[in-house]
Amino acid sequence: MGKNERAERKCSICGKPFIPNKYRPNQEVCSSLECQYQRQLSNMKAWRGSNPNYFKYKESQDGSWKQACRERSLDWRRKHREYLQLYREANKERHREYMREYMRKYRQRKRKEQQKPEEA
Ligand SMILES: [Zn+2]
């Protein structure tokens, strides 16, 4: 008989014996929901304890990120002001053209309607 690698252990939270997961032979906590929850809580506490500046750091990062975005979009607008102006001018011209065409068709339609006797 080979040696039994999956020997029983005592859960470090509830103290009940359990058999470690095949894939996690160093498992110290049994698989009960309560113990897994406790384990996550204490992991989080330990992690926060060893990274006390993480959340402050993240906030400062977010702030500078927003600032960078604002500056980037201002920069973009500065660089493209000329282009935007040209674009608007071109569109104005196109819009005028479009309206002329639209009115022409509209008048044609009206004329046809007036020529046709209305059906009751
Ligand atoms: Zn347990």
# chains A, B, ... in the order shown; residues from 1 in each chain; ligands from 1

call {"tool": "residues_near_ligand", "arguments": {"ligand": "ligand 1", "cutoff": "12 Å", "atoms": "only C-alpha atoms and all ligand atoms", "output": "number ranges by chain"}}
result
A: 9-20, 27-39

call {"tool": "write_last_selection", "arguments": {"atoms": "C-alpha atoms", "output": "PDB file, in the first residue's frame"}}
result
ATOM      1  CA  ARG A   9      -6.404  17.195   9.381  1.00  0.00           C
ATOM      2  CA  LYS A  10      -7.990  19.428  11.943  1.00  0.00           C
ATOM      3  CA  CYS A  11      -9.660  22.572  10.600  1.00  0.00           C
ATOM      4  CA  SER A  12      -7.839  25.626  11.940  1.00  0.00           C
ATOM      5  CA  ILE A  13     -11.162  27.395  12.426  1.00  0.00           C
ATOM      6  CA  CYS A  14     -13.733  24.899  13.674  1.00  0.00           C
ATOM      7  CA  GLY A  15     -11.303  22.226  14.810  1.00  0.00           C
ATOM      8  CA  LYS A  16     -13.227  19.435  13.084  1.00  0.00           C
ATOM      9  CA  PRO A  17     -11.253  16.817  11.185  1.00  0.00           C
ATOM     10  CA  PHE A  18     -11.381  17.056   7.388  1.00  0.00           C
ATOM     11  CA  ILE A  19      -9.574  15.597   4.368  1.00  0.00           C
ATOM     12  CA  PRO A  20      -7.619  18.218   2.403  1.00  0.00           C
ATOM     13  CA  GLN A  27      -5.416  23.238   3.019  1.00  0.00           C
ATOM     14  CA  GLU A  28      -5.846  24.303   6.640  1.00  0.00           C
ATOM     15  CA  VAL A  29      -9.538  25.057   6.691  1.00  0.00           C
ATOM     16  CA  CYS A  30     -12.335  22.598   6.080  1.00  0.00           C
ATOM     17  CA  SER A  31     -14.717  23.143   3.205  1.00  0.00           C
ATOM     18  CA  SER A  32     -17.740  24.155   5.257  1.00  0.00           C
ATOM     19  CA  LEU A  33     -19.244  27.456   4.143  1.00  0.00           C
ATOM     20  CA  GLU A  34     -18.802  29.048   7.552  1.00  0.00           C
ATOM     21  CA  CYS A  35     -15.113  28.170   7.716  1.00  0.00           C
ATOM     22  CA  GLN A  36     -14.455  29.285   4.138  1.00  0.00           C
ATOM     23  CA  TYR A  37     -16.153  32.600   4.879  1.00  0.00           C
ATOM     24  CA  GLN A  38     -14.084  33.076   8.034  1.00  0.00           C
ATOM     25  CA  ARG A  39     -10.971  32.218   6.066  1.00  0.00           C
TER      26      ARG A  39
END

call {"tool": "select_by_dssp", "arguments": {"residues": "chain A", "states": "alpha helix (DSSP H)", "output": "NGL selection string"}}
result
:A and (33-50 or 54-115)

call {"tool": "select_by_dssp", "arguments": {"residues": "chain A", "states": "strand (DSSP E)", "output": "ChimeraX atom specification"}}
result
/A:9-10,17-18

call {"tool": "write_last_selection", "arguments": {"atoms": "C-alpha atoms", "output": "compact mmCIF listing (two decimals), in the first residue's frame"}}
result
# COMPACT_ATOMS: atom_id res chain seq x y z
CA ARG A 9 -6.40 17.19 9.38
CA LYS A 10 -7.99 19.43 11.94
CA PRO A 17 -11.25 16.82 11.18
CA PHE A 18 -11.38 17.06 7.39

call {"tool": "atom_distance", "arguments": {"atom1": "CA of Ala90 (chain A)", "atom2": "CA of Arg78 (chain A)"}}
result
19.4 Å

call {"tool": "atom_distance", "arguments": {"atom1": "CA of Ala7 (chain A)", "atom2": "CA of Leu41 (chain A)"}}
result
26.5 Å
